[in-house]
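Next comes my_file.cif, a file with mmCIF, C-alpha atoms and all ligand atoms.
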```
data_structure
loop_
_atom_site.label_atom_id
_atom_site.label_comp_id
_atom_site.auth_asym_id
_atom_site.auth_seq_id
_atom_site.Cartn_x
_atom_site.Cartn_y
_atom_site.Cartn_z
CA MET X 1 -87.67 46.00 27.72
CA SER X 2 -86.91 43.92 30.78
CA GLY X 3 -87.05 40.34 31.91
CA ALA X 4 -85.25 38.88 28.88
CA LYS X 5 -84.82 35.16 29.43
CA PRO X 6 -81.38 34.28 30.88
CA VAL X 7 -79.20 32.42 28.36
CA HIS X 8 -77.87 30.14 31.06
CA ALA X 9 -78.34 29.49 34.75
CA ALA X 10 -74.86 30.92 35.40
CA GLN X 11 -76.06 34.29 34.24
CA THR X 12 -78.56 34.44 37.09
CA LEU X 13 -75.66 34.50 39.58
CA PHE X 14 -74.93 38.04 38.40
CA PRO X 15 -77.63 40.66 38.97
CA VAL X 16 -78.79 42.99 36.20
CA VAL X 17 -79.53 46.67 36.94
CA ASP X 18 -80.90 48.93 34.19
CA GLY X 19 -79.95 46.37 31.57
CA CYS X 20 -76.33 46.12 32.73
CA LEU X 21 -74.70 43.08 34.28
CA GLN X 22 -73.28 43.66 37.78
CA VAL X 23 -70.05 41.96 38.88
CA GLY X 24 -68.91 42.26 42.47
CA GLY X 25 -71.64 44.88 42.91
CA ILE X 26 -70.22 47.06 40.10
CA ALA X 27 -71.90 47.74 36.75
CA LEU X 28 -69.95 46.05 33.97
CA THR X 29 -69.58 49.26 31.93
CA ARG X 30 -68.08 50.99 34.97
CA LEU X 31 -65.87 48.00 35.80
CA ALA X 32 -64.50 48.08 32.23
CA ARG X 33 -63.46 51.71 32.77
CA ARG X 34 -61.93 50.83 36.12
CA VAL X 35 -59.89 47.97 34.64
CA GLY X 36 -58.82 50.45 31.98
CA ALA X 37 -58.93 48.19 28.93
CA THR X 38 -60.65 45.23 27.42
CA PRO X 39 -60.50 42.29 27.23
CA PHE X 40 -60.41 41.14 30.85
CA TYR X 41 -61.48 38.42 33.19
CA ALA X 42 -63.50 39.43 36.24
CA TYR X 43 -64.03 37.18 39.25
CA ASP X 44 -66.58 37.85 41.96
CA ARG X 45 -65.34 37.32 45.54
CA ALA X 46 -68.81 36.99 47.03
CA LEU X 47 -69.65 34.22 44.56
CA LEU X 48 -66.39 32.41 45.36
CA SER X 49 -67.13 32.54 49.08
CA GLU X 50 -70.70 31.44 48.58
CA ARG X 51 -69.57 28.47 46.48
CA VAL X 52 -67.28 27.22 49.22
CA ARG X 53 -70.09 27.63 51.78
CA HIS X 54 -72.37 25.64 49.48
CA VAL X 55 -69.89 22.74 49.31
CA ARG X 56 -69.33 22.82 53.08
CA ARG X 57 -73.07 22.80 53.76
CA HIS X 58 -73.39 19.52 51.87
CA MET X 59 -70.20 17.69 52.83
CA PRO X 60 -69.54 15.99 56.18
CA SER X 61 -67.77 18.32 58.60
CA GLY X 62 -64.71 16.07 58.96
CA LEU X 63 -63.97 16.15 55.24
CA ALA X 64 -61.18 18.52 54.20
CA LEU X 65 -61.72 20.70 51.14
CA HIS X 66 -58.77 21.58 48.91
CA TYR X 67 -58.59 24.09 46.10
CA SER X 68 -56.85 22.84 42.93
CA MET X 69 -55.27 26.12 41.96
CA LYS X 70 -54.48 25.21 38.37
CA ALA X 71 -58.15 25.99 37.67
CA ASN X 72 -57.36 29.64 38.40
CA PRO X 73 -53.91 30.63 39.67
CA MET X 74 -54.47 34.42 39.85
CA PRO X 75 -52.55 35.30 43.06
CA ALA X 76 -55.27 37.54 44.52
CA LEU X 77 -57.88 34.86 43.89
CA VAL X 78 -55.72 32.10 45.41
CA GLN X 79 -55.22 34.37 48.43
CA HIS X 80 -58.99 34.72 48.76
CA MET X 81 -59.50 30.97 48.43
CA ALA X 82 -56.74 30.25 50.98
CA GLY X 83 -58.89 31.85 53.66
CA LEU X 84 -61.82 29.57 52.81
CA VAL X 85 -60.40 26.09 52.16
CA ASP X 86 -58.31 23.59 54.15
CA GLY X 87 -55.56 23.11 51.61
CA ILE X 88 -54.23 24.11 48.20
CA ASP X 89 -53.17 21.65 45.51
CA VAL X 90 -50.46 22.89 43.18
CA ALA X 91 -49.08 21.47 39.95
CA SER X 92 -45.80 23.35 39.44
CA GLY X 93 -43.05 25.21 41.27
CA GLY X 94 -44.61 28.50 40.15
CA GLU X 95 -47.98 27.56 41.61
CA LEU X 96 -46.22 26.43 44.80
CA ARG X 97 -44.75 29.92 45.26
CA VAL X 98 -48.17 31.55 44.88
CA ALA X 99 -49.69 29.06 47.35
CA LEU X 100 -46.92 29.63 49.92
CA ASP X 101 -47.31 33.40 49.60
CA THR X 102 -50.91 33.13 50.80
CA GLY X 103 -49.68 32.00 54.21
CA MET X 104 -51.37 28.61 53.91
CA ALA X 105 -49.49 26.15 56.18
CA PRO X 106 -47.05 24.24 53.93
CA GLU X 107 -48.24 20.84 55.18
CA HIS X 108 -51.62 21.71 53.70
CA ILE X 109 -50.14 22.40 50.29
CA SER X 110 -49.81 19.36 48.07
CA PHE X 111 -47.84 19.09 44.87
CA ALA X 112 -49.05 16.56 42.28
CA GLY X 113 -48.41 16.26 38.55
CA PRO X 114 -46.24 14.10 36.30
CA GLY X 115 -42.70 15.08 35.33
CA LYS X 116 -41.82 17.33 38.27
CA SER X 117 -38.30 18.70 37.88
CA GLU X 118 -35.63 18.34 40.55
CA PRO X 119 -35.58 22.08 41.29
CA GLU X 120 -39.37 22.00 41.77
CA LEU X 121 -39.16 18.97 44.06
CA SER X 122 -36.35 20.57 46.09
CA GLN X 123 -38.46 23.71 46.45
CA ALA X 124 -41.39 21.66 47.74
CA ILE X 125 -39.29 19.60 50.16
CA ALA X 126 -37.57 22.72 51.50
CA ALA X 127 -40.95 24.40 51.97
CA GLY X 128 -42.37 21.42 53.86
CA ALA X 129 -45.13 20.89 51.30
CA CYS X 130 -46.58 17.45 50.69
CA ILE X 131 -45.29 15.77 47.54
CA HIS X 132 -47.65 13.50 45.65
CA ALA X 133 -45.28 11.16 43.84
CA GLU X 134 -46.44 10.07 40.42
CA SER X 135 -43.91 7.30 39.72
CA GLU X 136 -41.25 5.06 41.22
CA ARG X 137 -38.58 7.32 39.74
CA GLU X 138 -40.09 10.32 41.50
CA VAL X 139 -40.05 8.44 44.83
CA ARG X 140 -36.33 7.75 44.34
CA VAL X 141 -35.61 11.39 43.44
CA VAL X 142 -37.58 12.63 46.46
CA ALA X 143 -35.55 10.31 48.73
CA ARG X 144 -32.25 11.56 47.31
CA LEU X 145 -33.21 15.26 47.44
CA GLY X 146 -34.52 14.87 50.99
CA GLU X 147 -31.15 13.43 52.03
CA GLN X 148 -29.26 16.24 50.30
CA LEU X 149 -31.43 18.86 52.00
CA GLY X 150 -31.42 17.10 55.37
CA ILE X 151 -35.22 17.28 55.47
CA ALA X 152 -37.60 14.33 55.74
CA PRO X 153 -39.96 14.80 52.77
CA ARG X 154 -43.72 14.64 53.29
CA LEU X 155 -44.66 12.00 50.76
CA VAL X 156 -48.02 10.76 49.46
CA LEU X 157 -48.37 8.27 46.60
CA ARG X 158 -50.61 9.31 43.72
CA ILE X 159 -52.34 6.11 42.63
CA ASN X 160 -53.61 5.40 39.14
CA PRO X 161 -56.75 3.55 40.19
CA ASP X 162 -58.13 0.40 38.61
CA PHE X 163 -61.39 2.25 37.89
CA GLU X 164 -62.40 5.51 36.24
CA LEU X 165 -64.87 8.29 36.87
CA LYS X 166 -67.68 7.39 34.51
CA SER X 167 -69.31 10.02 32.30
CA SER X 168 -66.63 12.57 33.13
CA GLY X 169 -65.38 15.20 30.70
CA MET X 170 -61.78 14.19 31.32
CA LYS X 171 -60.66 10.76 32.54
CA MET X 172 -57.50 11.04 34.56
CA GLY X 173 -57.38 7.62 36.15
CA GLY X 174 -58.05 4.01 35.21
CA GLY X 175 -56.43 2.12 32.34
CA ALA X 176 -52.98 3.12 31.14
CA LYS X 177 -52.21 6.68 32.26
CA GLN X 178 -49.26 9.00 32.75
CA PHE X 179 -50.76 9.97 36.12
CA GLY X 180 -49.90 8.14 39.31
CA ILE X 181 -48.55 4.72 40.18
CA ASP X 182 -50.69 1.83 38.94
CA ALA X 183 -52.68 0.48 41.91
CA GLU X 184 -51.33 -3.04 41.37
CA ASP X 185 -47.75 -1.73 41.44
CA ALA X 186 -48.25 0.39 44.56
CA PRO X 187 -47.37 -2.32 47.16
CA ARG X 188 -43.95 -2.75 45.56
CA VAL X 189 -43.33 1.03 45.51
CA MET X 190 -44.46 1.30 49.15
CA ALA X 191 -41.94 -1.40 50.13
CA LEU X 192 -39.25 0.43 48.18
CA ALA X 193 -40.09 3.72 49.88
CA ALA X 194 -39.88 2.03 53.29
CA ASP X 195 -36.45 0.56 52.37
CA MET X 196 -35.25 4.06 51.52
CA GLY X 197 -36.44 5.35 54.89
CA LEU X 198 -39.28 7.38 53.42
CA ASP X 199 -42.48 7.83 55.39
CA VAL X 200 -45.43 7.35 53.03
CA ARG X 201 -48.27 9.37 54.55
CA GLY X 202 -51.06 8.11 52.37
CA PHE X 203 -52.68 8.12 48.99
CA HIS X 204 -54.10 10.42 46.37
CA ILE X 205 -56.66 8.78 44.12
CA PHE X 206 -58.01 11.03 41.38
CA SER X 207 -60.12 9.43 38.70
CA GLY X 208 -61.49 12.23 36.55
CA SER X 209 -62.82 15.71 36.07
CA GLN X 210 -65.95 17.61 34.98
CA SER X 211 -68.68 15.15 35.94
CA LEU X 212 -72.26 16.33 36.33
CA LYS X 213 -73.53 12.98 37.62
CA ALA X 214 -73.71 12.51 41.38
CA ASP X 215 -74.07 8.73 40.98
CA ALA X 216 -70.84 8.46 39.01
CA ILE X 217 -68.97 10.57 41.57
CA ILE X 218 -70.33 8.48 44.45
CA GLU X 219 -69.30 5.28 42.69
CA ALA X 220 -65.77 6.61 42.16
CA GLN X 221 -65.57 7.67 45.82
CA VAL X 222 -66.73 4.22 47.01
CA GLN X 223 -63.99 2.63 44.93
CA ALA X 224 -61.34 5.15 46.00
CA LEU X 225 -62.09 4.56 49.69
CA ALA X 226 -61.98 0.77 49.22
CA LEU X 227 -58.72 0.97 47.27
CA ALA X 228 -57.11 3.16 49.94
CA ARG X 229 -58.06 0.71 52.68
CA ARG X 230 -56.71 -2.21 50.67
CA LEU X 231 -53.42 -0.42 49.94
CA GLY X 232 -53.06 0.73 53.54
CA GLU X 233 -53.33 -2.89 54.71
CA GLN X 234 -51.03 -4.26 52.02
CA GLY X 235 -48.36 -1.67 52.70
CA ARG X 236 -48.85 -1.72 56.50
CA ILE X 237 -48.95 2.06 56.31
CA ALA X 238 -50.50 4.40 58.85
CA VAL X 239 -52.60 6.35 56.38
CA ARG X 240 -52.72 9.99 57.45
CA GLU X 241 -53.57 11.64 54.15
CA LEU X 242 -56.28 10.32 51.88
CA ASN X 243 -57.24 12.50 48.94
CA ILE X 244 -60.13 10.86 47.11
CA GLY X 245 -60.16 13.29 44.19
CA GLY X 246 -62.95 15.54 43.08
CA GLY X 247 -64.34 15.73 39.60
CA PHE X 248 -67.33 17.95 40.44
CA GLY X 249 -68.34 19.56 37.15
CA ILE X 250 -70.20 22.71 36.16
CA PRO X 251 -72.73 22.99 33.32
CA TYR X 252 -71.30 24.70 30.25
CA PHE X 253 -73.61 23.75 27.41
CA PRO X 254 -77.32 23.76 26.65
CA GLY X 255 -79.11 20.81 28.20
CA GLU X 256 -76.55 20.32 30.98
CA ALA X 257 -77.90 20.52 34.53
CA ALA X 258 -76.01 21.53 37.66
CA LEU X 259 -74.49 18.78 39.79
CA ASP X 260 -76.55 17.90 42.88
CA LEU X 261 -74.23 17.79 45.90
CA ALA X 262 -76.83 16.46 48.36
CA PRO X 263 -76.50 12.75 47.47
CA ILE X 264 -72.70 12.99 47.39
CA GLY X 265 -72.63 14.53 50.85
CA ALA X 266 -75.16 12.03 52.19
CA HIS X 267 -73.10 9.13 50.90
CA LEU X 268 -69.85 10.41 52.40
CA GLU X 269 -71.63 11.01 55.70
CA THR X 270 -72.48 7.30 55.88
CA ALA X 271 -69.17 6.06 54.39
CA LEU X 272 -66.69 8.01 56.52
CA PRO X 273 -67.29 6.28 59.88
CA ALA X 274 -66.13 2.95 58.41
CA VAL X 275 -63.07 4.67 56.93
CA ARG X 276 -62.31 6.20 60.32
CA ALA X 277 -62.59 2.79 61.96
CA ALA X 278 -60.22 1.20 59.43
CA LEU X 279 -57.82 4.15 59.02
CA PRO X 280 -58.15 6.07 62.29
CA GLU X 281 -55.45 8.64 61.52
CA ALA X 282 -56.60 9.47 58.01
CA GLN X 283 -57.60 13.01 57.07
CA VAL X 284 -59.89 12.45 54.11
CA SER X 285 -59.98 15.26 51.58
CA ILE X 286 -61.50 16.18 48.25
CA GLU X 287 -59.91 18.53 45.74
CA LEU X 288 -61.97 20.86 43.60
CA GLY X 289 -60.93 23.36 40.97
CA ARG X 290 -63.53 24.42 38.47
CA TYR X 291 -66.46 23.70 40.77
CA LEU X 292 -65.24 26.35 43.22
CA VAL X 293 -64.23 29.08 40.79
CA GLY X 294 -65.65 28.42 37.33
CA GLU X 295 -69.06 30.02 37.75
CA ALA X 296 -67.73 33.05 39.64
CA GLY X 297 -65.81 34.37 36.65
CA ILE X 298 -66.64 36.02 33.35
CA TYR X 299 -64.55 36.98 30.33
CA VAL X 300 -65.31 40.37 28.82
CA ALA X 301 -64.35 41.54 25.32
CA ARG X 302 -65.42 44.66 23.44
CA VAL X 303 -67.09 44.66 20.05
CA VAL X 304 -64.64 46.36 17.65
CA ASP X 305 -66.50 45.79 14.41
CA ARG X 306 -69.92 44.67 13.39
CA LYS X 307 -69.88 43.30 9.90
CA LEU X 308 -72.23 41.60 7.54
CA SER X 309 -70.89 38.84 5.30
CA ARG X 310 -73.31 37.24 2.85
CA GLY X 311 -76.22 37.62 5.17
CA GLN X 312 -74.42 36.65 8.38
CA VAL X 313 -73.62 39.11 11.18
CA PHE X 314 -70.17 38.90 12.75
CA LEU X 315 -69.30 40.72 15.94
CA VAL X 316 -65.52 41.07 15.84
CA THR X 317 -64.14 41.59 19.35
CA ASP X 318 -60.79 42.50 20.85
CA GLY X 319 -60.61 39.13 22.63
CA GLY X 320 -60.60 35.57 21.44
CA LEU X 321 -59.12 32.12 21.72
CA HIS X 322 -55.69 33.41 22.74
CA HIS X 323 -57.29 34.53 26.02
CA HIS X 324 -60.06 31.97 26.30
CA LEU X 325 -59.21 28.81 24.46
CA ALA X 326 -61.96 26.81 26.18
CA ALA X 327 -64.78 29.03 24.89
CA SER X 328 -63.48 28.59 21.35
CA GLY X 329 -63.91 24.84 21.68
CA ASN X 330 -60.21 24.19 21.19
CA PHE X 331 -59.67 22.84 24.71
CA GLY X 332 -60.52 19.20 24.12
CA GLN X 333 -64.02 19.49 22.68
CA VAL X 334 -64.66 17.24 19.69
CA ILE X 335 -67.67 19.16 18.44
CA ARG X 336 -67.66 22.87 19.18
CA LYS X 337 -70.52 24.06 21.37
CA ASN X 338 -71.23 27.60 22.49
CA TYR X 339 -70.38 28.66 26.01
CA PRO X 340 -73.11 30.86 27.51
CA VAL X 341 -72.56 34.32 26.03
CA ALA X 342 -74.43 37.62 26.48
CA ILE X 343 -74.09 41.33 25.68
CA GLY X 344 -73.31 42.59 29.17
CA ASN X 345 -74.65 46.12 28.67
CA ARG X 346 -77.82 44.99 26.88
CA MET X 347 -79.06 42.33 29.24
CA ASP X 348 -82.68 43.41 28.94
CA GLY X 349 -82.78 43.40 25.15
CA PRO X 350 -84.56 40.55 23.38
CA ALA X 351 -82.16 38.00 21.90
CA THR X 352 -83.41 38.23 18.36
CA GLU X 353 -80.35 38.50 16.14
CA PRO X 354 -78.34 35.41 15.16
CA VAL X 355 -74.66 36.39 15.17
CA SER X 356 -71.22 34.87 15.33
CA VAL X 357 -68.88 36.44 17.87
CA VAL X 358 -65.28 36.13 16.77
CA GLY X 359 -61.86 37.30 17.94
CA PRO X 360 -59.09 39.19 16.15
CA LEU X 361 -56.91 36.19 15.27
CA CYS X 362 -56.28 35.12 11.71
CA THR X 363 -57.85 31.70 12.04
CA PRO X 364 -61.42 30.50 11.57
CA LEU X 365 -61.05 28.72 14.93
CA ASP X 366 -61.20 32.06 16.76
CA ILE X 367 -64.87 31.87 17.68
CA LEU X 368 -66.46 32.89 20.99
CA ALA X 369 -70.05 32.17 19.91
CA GLU X 370 -71.31 30.63 16.69
CA ARG X 371 -74.69 31.60 15.25
CA MET X 372 -76.13 32.50 18.60
CA ALA X 373 -79.22 34.67 19.11
CA LEU X 374 -78.18 37.83 20.98
CA PRO X 375 -79.63 41.31 21.44
CA GLU X 376 -78.58 43.53 18.53
CA ALA X 377 -75.06 44.63 19.44
CA GLN X 378 -73.02 47.59 18.27
CA GLU X 379 -69.41 48.69 18.28
CA GLY X 380 -68.29 49.37 21.84
CA ASP X 381 -70.68 46.89 23.44
CA LEU X 382 -69.33 44.36 25.93
CA VAL X 383 -69.51 40.67 25.09
CA VAL X 384 -69.58 38.49 28.21
CA VAL X 385 -68.62 34.81 28.29
CA PHE X 386 -69.98 33.13 31.43
CA GLN X 387 -68.51 30.03 33.17
CA SER X 388 -65.05 31.51 32.69
CA GLY X 389 -63.60 31.47 36.19
CA ALA X 390 -61.70 28.20 35.62
CA TYR X 391 -59.26 27.18 32.87
CA GLY X 392 -59.56 30.61 31.27
CA ARG X 393 -56.50 32.80 31.08
CA SER X 394 -54.07 30.19 32.40
CA ALA X 395 -55.18 27.58 29.85
CA SER X 396 -54.96 29.81 26.78
CA PRO X 397 -52.17 30.58 24.28
CA ALA X 398 -51.66 34.21 25.31
CA GLY X 399 -48.84 34.87 22.85
CA PHE X 400 -50.91 34.23 19.70
CA LEU X 401 -50.38 37.03 17.10
CA SER X 402 -48.65 39.17 19.76
CA HIS X 403 -51.95 40.63 20.91
CA PRO X 404 -51.87 42.42 24.28
CA GLU X 405 -52.21 40.34 27.41
CA VAL X 406 -55.62 39.88 28.99
CA LEU X 407 -56.18 41.62 32.34
CA GLU X 408 -57.76 40.18 35.46
CA VAL X 409 -59.73 41.77 38.27
CA LEU X 410 -61.12 40.29 41.50
CA VAL X 411 -64.11 42.31 42.69
C1 LIG D 501 -56.88 19.29 37.41
C2 LIG D 501 -56.95 18.48 38.62
C3 LIG D 501 -57.96 18.74 39.55
C4 LIG D 501 -59.01 19.79 39.36
O1 LIG D 501 -59.95 19.45 38.41
P1 LIG D 501 -61.28 20.33 38.30
O2 LIG D 501 -62.04 19.73 37.17
O3 LIG D 501 -60.87 21.73 38.04
O4 LIG D 501 -61.99 20.22 39.60
C5 LIG D 501 -57.96 18.00 40.70
N1 LIG D 501 -57.04 17.04 40.92
C6 LIG D 501 -56.06 16.77 40.05
C7 LIG D 501 -55.07 15.71 40.37
C8 LIG D 501 -55.98 17.47 38.86
O5 LIG D 501 -55.00 17.20 38.00
#
```
Please re-express this file's structure in structure tokens.
Amino acid sequence: MSGAKPVHAAQTLFPVVDGCLQVGGIALTRLARRVGATPFYAYDRALLSERVRHVRRHMPSGLALHYSMKANPMPALVQHMAGLVDGIDVASGGELRVALDTGMAPEHISFAGPGKSEPELSQAIAAGACIHAESEREVRVVARLGEQLGIAPRLVLRINPDFELKSSGMKMGGGAKQFGIDAEDAPRVMALAADMGLDVRGFHIFSGSQSLKADAIIEAQVQALALARRLGEQGRIAVRELNIGGGFGIPYFPGEAALDLAPIGAHLETALPAVRAALPEAQVSIELGRYLVGEAGIYVARVVDRKLSRGQVFLVTDGGLHHHLAASGNFGQVIRKNYPVAIGNRMDGPATEPVSVVGPLCTPLDILAERMALPEAQEGDLVVVFQSGAYGRSASPAGFLSHPEVLEVLV
């Protein structure tokens, strides 16, 4: 048998040789032996590099590209990304350490996120990283810590915009939010920062995540650029940093189509000259997490038991929601939908058997695939969950039932 229909476009990124999925040029069965145990995450370097090239091909050359490392903070992967992007966005003191260890220039590392602790802020100021303040209180703390350290902090204001990214999976701006300083309150906070002798370098305007609609992203970018110009004028600030967010999504579920970057790039190409005229010193950037890494990663678990319960086949695996919460549907999905799943060592087999793939946890929520047609799988086979390079290991409750930790490999 060969030429079985791919379950998902993501699957076609990984070649199949003799029925076995290849990751980083290595057969999955061999990679599993090399890692030494299942379950594990595997990320493909060549796919990561190609994804960055794809974004760069479509975006204007003057636009800076940042990697939001919370999507995948594996140190080796962040190191790989550091050589490809213009900056790294971190969300904690721990992520900051990983980012600094890559050798990325500290001024190209930015630290956003609500509720930063004083030790984290001190770390960032001491490192010379750029702090994206999320509130008036944080601006005051940054001023005080900067004085104590004798270092002028690099400060950008994260703005909660007066618009949102429409049709996004996760709205992180617009309305009442814990993120950023409300746009209408920003002039007051800018004046306050100036009174405290702080140099506000610019703005960070992030409106949402996981959008597959180019039109919606363009609209959010139009509004972000307009808001930044307005705030720059109101605050009489020389805007040097202008992060207009990201929100580029990847298709996870049946019926979802990949985001088309061409119209987004074309729009920015025409919009940036006016921004440059109004804010001549501004380095405009976008920040992407899942779009850069999500499709380059898979999660692999081994079938431990194949059981039949009242007519239904269950493949019980050694991995589950404690390693991959998103695939179980417990990461913000209202109605559970299947991630793309395959049997990695039976890629050529016809997908004829409806099965549920479950994990070893004592909860009915521990599902990796529900009633999905797969090739007939046996004990020892390797279940692959695609689209797992972002918000996988780091977004999952690893301690559940004291199961062993999941491994990671970058190939
Ligand atoms: C999480 C986050 C991102 C990355 O989102 P993706 O959907 O992974 O691209 C970017 N910016 C901010 C401020 C975030 O909090």
**Report entry** Within-7 Å residues of ligand LIG 501 (chain D), basis all atoms listed in the file, as number ranges by chain
**Finding:** X: 68, 70-71, 112-113, 206, 209-210, 245-249, 287-291, 390
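Rounded to one decimal, CA of Met170 (chain X) and CA of Ser396 (chain X) lie 17.6 Å from each other.
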Query raised in the report: In terms of the shortest atom-to-atom distance over only C-alpha atoms, which of X:Asn338, X:Gln223, X:Ser402, X:Thr352 is closest to His8 (chain X)?
Result: X:Asn338
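Atom to atom, CA of Glu138 (chain X) and CA of Ala224 (chain X) stand 22.3 Å apart.
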**Report entry** Which residue of X:His323, X:His132, X:Lys166, X:His108 approaches His66 (chain X) most closely, using only C-alpha atoms
**Finding:** X:His108
Query raised in the report: Could you pull the residues within 12 Å of region 309-312 of chain X, counting all atoms listed in the file, minus those fewer than 3 positions along the same chain, as a ChimeraX atom specification?
Result: /X:306,315,353-357,370-373
Go ahead and write the residues just picked, C-alpha atoms, as a PDB file, keeping the file's coordinate frame.
```pdb
ATOM      1  CA  ARG X 306     -69.920  44.670  13.390  1.00  0.00           C
ATOM      2  CA  LEU X 315     -69.300  40.720  15.940  1.00  0.00           C
ATOM      3  CA  GLU X 353     -80.350  38.500  16.140  1.00  0.00           C
ATOM      4  CA  PRO X 354     -78.340  35.410  15.160  1.00  0.00           C
ATOM      5  CA  VAL X 355     -74.660  36.390  15.170  1.00  0.00           C
ATOM      6  CA  SER X 356     -71.220  34.870  15.330  1.00  0.00           C
ATOM      7  CA  VAL X 357     -68.880  36.440  17.870  1.00  0.00           C
ATOM      8  CA  GLU X 370     -71.310  30.630  16.690  1.00  0.00           C
ATOM      9  CA  ARG X 371     -74.690  31.600  15.250  1.00  0.00           C
ATOM     10  CA  MET X 372     -76.130  32.500  18.600  1.00  0.00           C
ATOM     11  CA  ALA X 373     -79.220  34.670  19.110  1.00  0.00           C
TER      12      ALA X 373
END
```
Report task. Do a neighbour search on Leu21 (chain X) at 8 Å with all atoms listed in the file, toss out local chain neighbours closer than 5 positions, and write the hits as a PyMOL selection string. Result -> chain X and resi 14-16+27-28+344-345+347
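Residues within 6 Å of region 325-337 of chain X, counting only C-alpha atoms and excluding same-chain residues fewer than 4 positions away, are Leu321, Ile367, Leu368 and Ser396 of chain X.
Comparing X:Gly389, X:Ile26, X:Val293, X:Arg33 by their smallest distance to Glu50 (chain X), the closest is X:Val293 (using all atoms listed in the file).
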Query - Distance criterion (only C-alpha atoms): nearest to Pro39 (chain X) out of X:Glu408, X:Glu219, X:Glu107, X:Glu136 - result: X:Glu408
Query raised in the report: CA of Phe203 (chain X) and CA of Leu157 (chain X), how far apart in Å?
Result: 4.9 Å
Query raised in the report: In file coordinates, which residues lie within 8 Å of (-65.7, 40.1, 14.3) using all atoms listed in the file, given as a PyMOL selection string?
Result: chain X and resi 303-307+314-317+356-360
Requested in this report: Tell me, as an MDAnalysis selection string, which residues lie within 9 Å of region 140-145 of chain X, counting all atoms listed in the file; anything in the same chain fewer than 3 positions away does not count.
Outcome: chainID X and resid 118 121:122 125 131 133 135:137 148:153 155 192:193 196:198
Requested in this report: Would you mind listing what lies within 12 Å of region 22-24 of chain X as a PyMOL selection string, with all atoms listed in the file counted and same-chain residues fewer than 2 positions away left out?
Outcome: chain X and resi 11-20+26-32+41-49+296-300+344-347+384+386+409-411
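In terms of minimum interatomic distance to Pro60 (chain X), X:Leu268 ranks closest within X:Val385, X:Leu268, X:Ala351, X:Ala183, counting all atoms listed in the file.
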